[in-house]
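Shown next, in C-alpha cells, is the structure this report addresses.
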Amino acid sequence: PHVLILGAPGAGKGTQSARIADAFDVEHVTTGDALRANKDMDISDMDTEYDTPREYMEAGDLVPDAVVNAIVEEALSTADGYVLDGYPRNLEQAKELEDMTELDVILHLDVSRDELVDRLTGRRVCDDCGTNYHVEFDQPEVEGVCDDCGGDLVQRDDDTEEAVQNRLDVFDDNTQPVIDHYSDRDDFVAVDGERAPDAVWDDVEAAIESNA
Ligand code: AP5
Ligand code: ZN
C-alpha cells in the first residue's frame, strides 16, 4: 500500500509509521530522519537563506521545499509500498507529491496542543539506534539507557520548549491547510491520536486494511 500519515509534531507519526512498516512490509519514508542524517549537507546552490538544513531544523522552521522535494522524489522512486511521514508540510509540497505518486490511504493523527507539548519536551531518543522514549509515558528499564541497544538517550535539538512552540506554530500556519485540503477525499481517515499507542494502532491498521 501507499500510505500517507499526517499529524502535528509529536502526534505519533514516527511511532505508528514504524508499526505500519513492520506489519505491511512497506518502506518508512520520513523526511525528518532523512534530514537529520544530512543536517550538514551543503544546500547553498539552491538559493536558500542558510547553507545547511541544520539552522532551519534547530529553530523548528521548515527546510526549503526544493531540498525536501528532491529527498522524497528519490525515496519514492525506489519504494514499492511505503508509509510517507513528515511530508507534505505545506500546499506547495502537496502539489509536488501529486505529480510523484498516487496514495491509497491518508491518515490524520489528531492530538491537542497541550498533549503535543508534553510529548515533545519529554521525548528522549537513542543516540545510536533512534528508538523513541518518553520520560513519563515510555520509560526505558534503566534511566538514560536504550533497552534495544544500550545507547545513550538524548533530547533532540528541536525538542526544547522554545523550538517546540515554534514547530507547532509552523504546523498551524503551513500544514493544517494540507490536512484541510485532503480531508474531503474518500480515502482520508481521521484517527484520535490522543490515546495509548496500542489503541491508536488498532484504528490505523483497520484504516489501511480497508483502503489498500
Ligand atoms: P520531523 O522529524 O518530521 O518532526 P515532527 O513532524 O516535528 O514530528 P516528530 O518526529 O517530532 O513527532 P511524531 O509525530 O513522529 O511523534 P513521535 O512518534 O516521535 O521534522 C523535524 C524537522 O525537519 C522539521 O521541524 C523541519 O525543520 C524538517 N522537516 C521535516 N520534514 C520537512 C518537510 N516536509 N518540509 C520542510 N522541512 C521538513 O512521538 C513523539 C513522542 O510522543 C515520543 O516521545 C513518543 O514516545 C510519544 N508518543 C507517541 N505516541 C504516543 C501515544 N499514543 N501516547 C503517548 N505518548 C506517545
Ligand atoms: Zn538504541
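Chain labels A, B, ... are given in the sequence in which chains occur in the C-alpha cells; within each chain residues are numbered consecutively from 1, and ligands are likewise numbered from 1 in the order shown.
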Inset, instruction - Mind listing the alpha helix (DSSP H) residues of stretch 32-169 of chain A, per DSSP on the backbone, as a PyMOL selection string? - result: chain A and resi 32-37+53-59+65-78+91-100+113-121+161-169
Inset, instruction - Excluding A:Val83 and residues on its chain fewer than 6 positions from it, collect all residues at most 7 Å away from it, counting only C-alpha atoms, and give them as a list of chain:residue names. - result: A:His2, A:Val3, A:Leu4, A:Ile5, A:Ser17, A:Ala21, A:Val26, A:Glu27, A:His28, A:Val29
Please save C-alpha atoms of the selected residues as a compact mmCIF listing (two decimals), in the first residue's frame.
```txt
# COMPACT_ATOMS: atom_id res chain seq x y z
CA HIS A 2 0.84 3.69 -0.42
CA VAL A 3 0.12 5.26 2.96
CA LEU A 4 0.38 8.95 3.91
CA ILE A 5 0.43 9.77 7.62
CA SER A 17 4.84 4.53 10.97
CA ALA A 21 6.32 -0.51 8.01
CA VAL A 26 6.48 -1.24 3.37
CA GLU A 27 9.27 1.30 3.46
CA HIS A 28 9.16 4.08 6.09
CA VAL A 29 9.93 7.25 4.11
```
Legend entry - Of the listed residues A:Val117, A:Leu76, A:Cys149, A:Leu103, that which approaches ligand 1 most closely, counting only C-alpha atoms and all ligand atoms: A:Val117
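Backbone DSSP over stretch 62-169 of chain A gives strand (DSSP E or B) for A:Tyr82, A:Val83, A:Leu84, A:Asp85, A:Val105, A:Ile106, A:Leu107, A:His108, A:Leu109, A:Asp110, A:Arg123, A:Arg124, A:Val125, A:Cys126, A:Asn132, A:Tyr133, A:His134, A:Asp138, A:Val145, A:Asp152, A:Leu153, A:Val154.
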Inset, instruction - Considering only C-alpha atoms, return as a list in words whatever protein or nucleic-acid residues lie within 10 Å of A:Glu161, sequence-local ones (same chain, fewer than 6 positions apart) excluded. - result: Val117, Asp118, Leu120, Thr121, Gly122 and Arg167 of chain A
Inset, instruction - Can you work out which one of A:Val105, A:Val72, A:Met57, A:Ala206 has the shortest atom-to-atom distance to A:Lys39, counting only C-alpha atoms? - result: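 When distances to A:Lys39 are compared using only C-alpha atoms, the smallest one comes from A:Met57.
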Legend entry - Option closest in space to A:Asp33, from A:Leu168, A:Ala207, A:Ala59, A:Cys129 [counting only C-alpha atoms]: A:Cys129
Legend entry - Within 7 Å of ligand 2, counting only C-alpha atoms and all ligand atoms, residues as a PyMOL selection string: chain A and resi 126-131+146-151
Take the selection from the previous step and output its residues with C-alpha atoms, as a tab-separated table (two decimals), in the first residue's frame.
```
chain	number	residue	atom	x	y	z
A	126	CYS	CA	18.55	6.74	21.43
A	127	ASP	CA	21.72	8.28	20.08
A	128	ASP	CA	22.68	5.01	18.39
A	129	CYS	CA	19.55	3.34	17.02
A	130	GLY	CA	16.98	6.16	17.04
A	131	THR	CA	14.35	4.42	19.20
A	146	CYS	CA	18.29	2.33	25.42
A	147	ASP	CA	16.56	-1.03	26.04
A	148	ASP	CA	17.32	-2.20	22.50
A	149	CYS	CA	20.99	-1.39	22.09
A	150	GLY	CA	22.37	0.12	25.32
A	151	GLY	CA	22.96	3.51	23.65
```
Legend entry - A:Gln139 surroundings by only C-alpha atoms, 12 Å radius, close-in-sequence under 4 positions cut, as a list in words: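 Returned residues: Gly122, Arg123, Arg124, Val125, Thr131, Asn132, Tyr133, His134, Val135, Glu143, Gly144, Val145, Cys146, Asp147 and Leu153 of chain A.
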Legend entry - Env. residues ligand 1 / 7 Å / only C-alpha atoms and all ligand atoms / as number ranges by chain: A: 7-16, 30-33, 35, 56-57, 60-65, 68, 85-89, 119-120, 122-124, 132-134, 137-138, 167, 193-197, 200
Atoms kept (N, CA and C atoms) for selection, written as a compact mmCIF listing (two decimals), in the first residue's frame:
```
# COMPACT_ATOMS: atom_id res chain seq x y z
N GLY A 7 -0.06 14.66 10.67
CA GLY A 7 -0.30 14.99 12.07
C GLY A 7 0.73 16.01 12.51
N ALA A 8 0.43 16.69 13.60
CA ALA A 8 1.32 17.72 14.13
C ALA A 8 2.61 17.09 14.65
N PRO A 9 3.63 17.89 14.89
CA PRO A 9 4.82 17.39 15.59
C PRO A 9 4.41 16.73 16.91
N GLY A 10 4.85 15.51 17.13
CA GLY A 10 4.52 14.82 18.38
C GLY A 10 3.22 14.03 18.35
N ALA A 11 2.52 14.05 17.22
CA ALA A 11 1.24 13.34 17.14
C ALA A 11 1.40 11.83 17.18
N GLY A 12 2.64 11.36 16.92
CA GLY A 12 2.88 9.91 16.93
C GLY A 12 3.09 9.34 15.55
N LYS A 13 3.41 10.18 14.59
CA LYS A 13 3.62 9.72 13.21
C LYS A 13 4.76 8.71 13.14
N GLY A 14 5.87 9.03 13.79
CA GLY A 14 7.03 8.13 13.76
C GLY A 14 6.72 6.81 14.44
N THR A 15 6.04 6.90 15.58
CA THR A 15 5.70 5.70 16.35
C THR A 15 4.79 4.78 15.55
N GLN A 16 3.74 5.33 14.96
CA GLN A 16 2.80 4.49 14.20
C GLN A 16 3.41 4.04 12.87
N THR A 30 10.69 8.97 5.63
CA THR A 30 10.50 10.07 6.56
C THR A 30 11.50 11.19 6.31
N THR A 31 10.95 12.36 5.98
CA THR A 31 11.82 13.50 5.68
C THR A 31 12.59 13.94 6.92
N GLY A 32 11.98 13.84 8.09
CA GLY A 32 12.68 14.25 9.31
C GLY A 32 13.96 13.45 9.53
N ASP A 33 13.84 12.11 9.45
CA ASP A 33 15.03 11.27 9.63
C ASP A 33 16.05 11.51 8.52
N LEU A 35 16.55 14.20 6.82
CA LEU A 35 17.22 15.49 7.03
C LEU A 35 18.17 15.44 8.22
N TYR A 56 17.65 25.59 10.00
CA TYR A 56 16.19 25.56 9.94
C TYR A 56 15.65 24.61 11.00
N MET A 57 16.26 23.43 11.08
CA MET A 57 15.72 22.38 11.94
C MET A 57 15.85 22.72 13.41
N GLY A 60 13.19 24.88 14.37
CA GLY A 60 11.84 24.35 14.17
C GLY A 60 11.15 24.93 12.95
N ASP A 61 11.92 25.55 12.05
CA ASP A 61 11.36 26.07 10.80
C ASP A 61 11.43 25.01 9.71
N LEU A 62 10.66 25.20 8.63
CA LEU A 62 10.70 24.26 7.52
C LEU A 62 11.98 24.45 6.71
N VAL A 63 12.57 23.34 6.31
CA VAL A 63 13.69 23.34 5.37
C VAL A 63 13.10 23.67 3.99
N PRO A 64 13.82 24.42 3.15
CA PRO A 64 13.24 24.84 1.87
C PRO A 64 12.69 23.68 1.03
N ASP A 65 11.59 23.96 0.33
CA ASP A 65 10.88 22.93 -0.43
C ASP A 65 11.78 22.17 -1.41
N VAL A 68 13.62 19.31 0.20
CA VAL A 68 12.77 18.23 0.70
C VAL A 68 12.10 17.49 -0.46
N ASP A 85 5.96 9.91 5.91
CA ASP A 85 5.84 10.57 7.23
C ASP A 85 6.65 11.87 7.22
N GLY A 86 6.00 13.00 7.45
CA GLY A 86 6.71 14.28 7.54
C GLY A 86 6.60 15.13 6.29
N TYR A 87 5.87 14.65 5.32
CA TYR A 87 5.72 15.32 4.03
C TYR A 87 4.37 14.95 3.46
N PRO A 88 3.62 15.83 2.83
CA PRO A 88 3.89 17.25 2.61
C PRO A 88 3.54 18.12 3.83
N ARG A 89 4.31 19.18 4.02
CA ARG A 89 4.11 20.07 5.15
C ARG A 89 3.55 21.42 4.76
N ARG A 119 4.42 15.65 25.09
CA ARG A 119 5.10 14.53 24.42
C ARG A 119 6.47 14.93 23.89
N LEU A 120 6.53 16.13 23.29
CA LEU A 120 7.78 16.52 22.63
C LEU A 120 8.85 16.92 23.62
N GLY A 122 9.16 15.92 26.57
CA GLY A 122 9.56 14.76 27.36
C GLY A 122 10.19 13.64 26.56
N ARG A 123 10.26 13.82 25.25
CA ARG A 123 10.81 12.74 24.41
C ARG A 123 12.31 12.61 24.61
N ARG A 124 12.80 11.38 24.61
CA ARG A 124 14.24 11.11 24.58
C ARG A 124 14.46 10.09 23.46
N ASN A 132 12.56 5.82 20.09
CA ASN A 132 11.96 6.89 20.90
C ASN A 132 11.57 6.41 22.28
N TYR A 133 11.79 7.26 23.27
CA TYR A 133 11.29 7.02 24.62
C TYR A 133 10.63 8.29 25.11
N HIS A 134 10.03 8.21 26.31
CA HIS A 134 9.45 9.41 26.90
C HIS A 134 9.69 9.35 28.41
N PHE A 137 5.85 8.67 29.71
CA PHE A 137 4.93 7.73 29.06
C PHE A 137 5.61 6.47 28.55
N ASP A 138 6.92 6.48 28.39
CA ASP A 138 7.58 5.34 27.75
C ASP A 138 9.02 5.27 28.25
N ARG A 167 7.58 25.02 16.29
CA ARG A 167 7.15 23.94 15.39
C ARG A 167 5.64 23.84 15.33
N GLY A 193 -5.59 10.47 17.98
CA GLY A 193 -4.23 10.10 18.35
C GLY A 193 -3.93 10.29 19.82
N GLU A 194 -4.91 10.77 20.56
CA GLU A 194 -4.65 11.07 21.97
C GLU A 194 -5.07 9.91 22.87
N ARG A 195 -4.58 8.75 22.51
CA ARG A 195 -4.83 7.53 23.28
C ARG A 195 -3.52 6.76 23.32
N ALA A 196 -3.50 5.66 24.05
CA ALA A 196 -2.28 4.86 24.13
C ALA A 196 -1.90 4.34 22.73
N PRO A 197 -0.60 4.16 22.48
CA PRO A 197 -0.16 3.71 21.15
C PRO A 197 -0.89 2.48 20.63
N VAL A 200 -4.36 3.49 19.33
CA VAL A 200 -4.22 4.22 18.07
C VAL A 200 -3.93 3.23 16.94
```
Legend entry - Neighbour list for A:Val189 as number ranges by chain, cut-off 12 Å, only C-alpha atoms, skip fewer than 4 positions in-chain: A: 3-7, 104-110, 179, 182-185, 193, 203-211
Go ahead and write the selection's residues with N, CA and C atoms as a PDB file, in the first residue's frame.
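Everything below was put into again-v1.pdb:
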```
ATOM      1  N   VAL A   3       0.768   4.651   1.802  1.00  0.00           N
ATOM      2  CA  VAL A   3       0.124   5.265   2.961  1.00  0.00           C
ATOM      3  C   VAL A   3       0.740   6.624   3.229  1.00  0.00           C
ATOM      4  N   LEU A   4      -0.092   7.634   3.450  1.00  0.00           N
ATOM      5  CA  LEU A   4       0.383   8.950   3.906  1.00  0.00           C
ATOM      6  C   LEU A   4      -0.097   9.139   5.330  1.00  0.00           C
ATOM      7  N   ILE A   5       0.815   9.524   6.235  1.00  0.00           N
ATOM      8  CA  ILE A   5       0.425   9.774   7.617  1.00  0.00           C
ATOM      9  C   ILE A   5       0.682  11.242   7.945  1.00  0.00           C
ATOM     10  N   LEU A   6      -0.390  11.928   8.363  1.00  0.00           N
ATOM     11  CA  LEU A   6      -0.323  13.352   8.671  1.00  0.00           C
ATOM     12  C   LEU A   6      -0.578  13.559  10.151  1.00  0.00           C
ATOM     13  N   GLY A   7      -0.060  14.660  10.669  1.00  0.00           N
ATOM     14  CA  GLY A   7      -0.296  14.994  12.073  1.00  0.00           C
ATOM     15  C   GLY A   7       0.725  16.009  12.515  1.00  0.00           C
ATOM     16  N   ASP A 104      -3.078   5.549  -1.474  1.00  0.00           N
ATOM     17  CA  ASP A 104      -4.215   4.658  -1.231  1.00  0.00           C
ATOM     18  C   ASP A 104      -5.010   5.067  -0.002  1.00  0.00           C
ATOM     19  N   VAL A 105      -4.298   5.604   0.993  1.00  0.00           N
ATOM     20  CA  VAL A 105      -4.981   5.976   2.234  1.00  0.00           C
ATOM     21  C   VAL A 105      -4.219   7.120   2.904  1.00  0.00           C
ATOM     22  N   ILE A 106      -4.977   8.067   3.450  1.00  0.00           N
ATOM     23  CA  ILE A 106      -4.395   9.236   4.116  1.00  0.00           C
ATOM     24  C   ILE A 106      -4.891   9.228   5.554  1.00  0.00           C
ATOM     25  N   LEU A 107      -3.956   9.058   6.484  1.00  0.00           N
ATOM     26  CA  LEU A 107      -4.307   9.004   7.902  1.00  0.00           C
ATOM     27  C   LEU A 107      -3.983  10.338   8.548  1.00  0.00           C
ATOM     28  N   HIS A 108      -4.876  10.805   9.395  1.00  0.00           N
ATOM     29  CA  HIS A 108      -4.572  12.007  10.175  1.00  0.00           C
ATOM     30  C   HIS A 108      -4.655  11.691  11.652  1.00  0.00           C
ATOM     31  N   LEU A 109      -3.532  11.808  12.353  1.00  0.00           N
ATOM     32  CA  LEU A 109      -3.500  11.590  13.802  1.00  0.00           C
ATOM     33  C   LEU A 109      -3.800  12.916  14.481  1.00  0.00           C
ATOM     34  N   ASP A 110      -4.906  12.969  15.187  1.00  0.00           N
ATOM     35  CA  ASP A 110      -5.384  14.214  15.778  1.00  0.00           C
ATOM     36  C   ASP A 110      -5.060  14.239  17.285  1.00  0.00           C
ATOM     37  N   ILE A 179      -3.915  19.361   5.592  1.00  0.00           N
ATOM     38  CA  ILE A 179      -4.895  18.417   6.142  1.00  0.00           C
ATOM     39  C   ILE A 179      -6.297  18.796   5.666  1.00  0.00           C
ATOM     40  N   TYR A 182      -6.863  17.650   2.078  1.00  0.00           N
ATOM     41  CA  TYR A 182      -7.102  16.220   1.850  1.00  0.00           C
ATOM     42  C   TYR A 182      -8.396  15.723   2.497  1.00  0.00           C
ATOM     43  N   SER A 183      -8.961  16.511   3.413  1.00  0.00           N
ATOM     44  CA  SER A 183      -9.977  15.943   4.317  1.00  0.00           C
ATOM     45  C   SER A 183     -11.278  15.537   3.643  1.00  0.00           C
ATOM     46  N   ASP A 184     -11.565  16.038   2.446  1.00  0.00           N
ATOM     47  CA  ASP A 184     -12.825  15.567   1.823  1.00  0.00           C
ATOM     48  C   ASP A 184     -12.623  14.395   0.868  1.00  0.00           C
ATOM     49  N   ARG A 185     -11.410  13.852   0.792  1.00  0.00           N
ATOM     50  CA  ARG A 185     -11.220  12.654  -0.031  1.00  0.00           C
ATOM     51  C   ARG A 185     -11.824  11.428   0.649  1.00  0.00           C
ATOM     52  N   GLY A 193      -5.592  10.473  17.976  1.00  0.00           N
ATOM     53  CA  GLY A 193      -4.229  10.097  18.349  1.00  0.00           C
ATOM     54  C   GLY A 193      -3.926  10.289  19.819  1.00  0.00           C
ATOM     55  N   ASP A 203      -6.847   1.371  15.199  1.00  0.00           N
ATOM     56  CA  ASP A 203      -7.569   2.151  14.183  1.00  0.00           C
ATOM     57  C   ASP A 203      -6.736   2.346  12.917  1.00  0.00           C
ATOM     58  N   VAL A 204      -5.438   2.558  13.112  1.00  0.00           N
ATOM     59  CA  VAL A 204      -4.540   2.763  11.972  1.00  0.00           C
ATOM     60  C   VAL A 204      -4.528   1.508  11.094  1.00  0.00           C
ATOM     61  N   GLU A 205      -4.366   0.371  11.732  1.00  0.00           N
ATOM     62  CA  GLU A 205      -4.303  -0.889  10.992  1.00  0.00           C
ATOM     63  C   GLU A 205      -5.608  -1.145  10.242  1.00  0.00           C
ATOM     64  N   ALA A 206      -6.723  -0.917  10.909  1.00  0.00           N
ATOM     65  CA  ALA A 206      -8.031  -1.151  10.280  1.00  0.00           C
ATOM     66  C   ALA A 206      -8.226  -0.212   9.086  1.00  0.00           C
ATOM     67  N   ALA A 207      -7.794   1.033   9.223  1.00  0.00           N
ATOM     68  CA  ALA A 207      -7.970   2.007   8.134  1.00  0.00           C
ATOM     69  C   ALA A 207      -7.167   1.589   6.906  1.00  0.00           C
ATOM     70  N   ILE A 208      -5.965   1.091   7.116  1.00  0.00           N
ATOM     71  CA  ILE A 208      -5.140   0.675   5.977  1.00  0.00           C
ATOM     72  C   ILE A 208      -5.738  -0.575   5.343  1.00  0.00           C
ATOM     73  N   GLU A 209      -6.154  -1.514   6.177  1.00  0.00           N
ATOM     74  CA  GLU A 209      -6.722  -2.753   5.634  1.00  0.00           C
ATOM     75  C   GLU A 209      -7.957  -2.482   4.784  1.00  0.00           C
ATOM     76  N   SER A 210      -8.769  -1.530   5.188  1.00  0.00           N
ATOM     77  CA  SER A 210     -10.000  -1.316   4.415  1.00  0.00           C
ATOM     78  C   SER A 210      -9.815  -0.383   3.217  1.00  0.00           C
ATOM     79  N   ASN A 211      -8.672   0.283   3.102  1.00  0.00           N
ATOM     80  CA  ASN A 211      -8.464   1.188   1.963  1.00  0.00           C
ATOM     81  C   ASN A 211      -7.419   0.720   0.961  1.00  0.00           C
TER      82      ASN A 211
END
```
Legend entry - Pick from A:Asp45, A:Asp80, A:Glu73, A:Ala66, whichever lies nearest to A:Glu98 using only C-alpha atoms: A:Glu73
Inset, instruction - For each of A:Val170, A:Ala23, A:Ile71, A:Met46, take the minimum atom-to-atom distance to A:Trp201, counting only C-alpha atoms, then give the residue where this is smallest. - result: A:Ala23
Legend entry - Nearest candidate to A:Arg156 (options A:Ala94, A:Glu58, A:Asp114, A:Thr52; using only C-alpha atoms):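 Result for the nearest residue to A:Arg156: A:Glu58.
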Inset, instruction - One decimal, Å: what's the distance from atom CA of A:Asp40 over to atom CA of A:Glu55, could you say? - result: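 According to the coordinates, atom CA of A:Asp40 and atom CA of A:Glu55 are separated by 9.3 Å.
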Legend entry - Atomic separation - atom CA of A:Val67 relative to atom CA of A:Leu91, Å: 15.5 Å
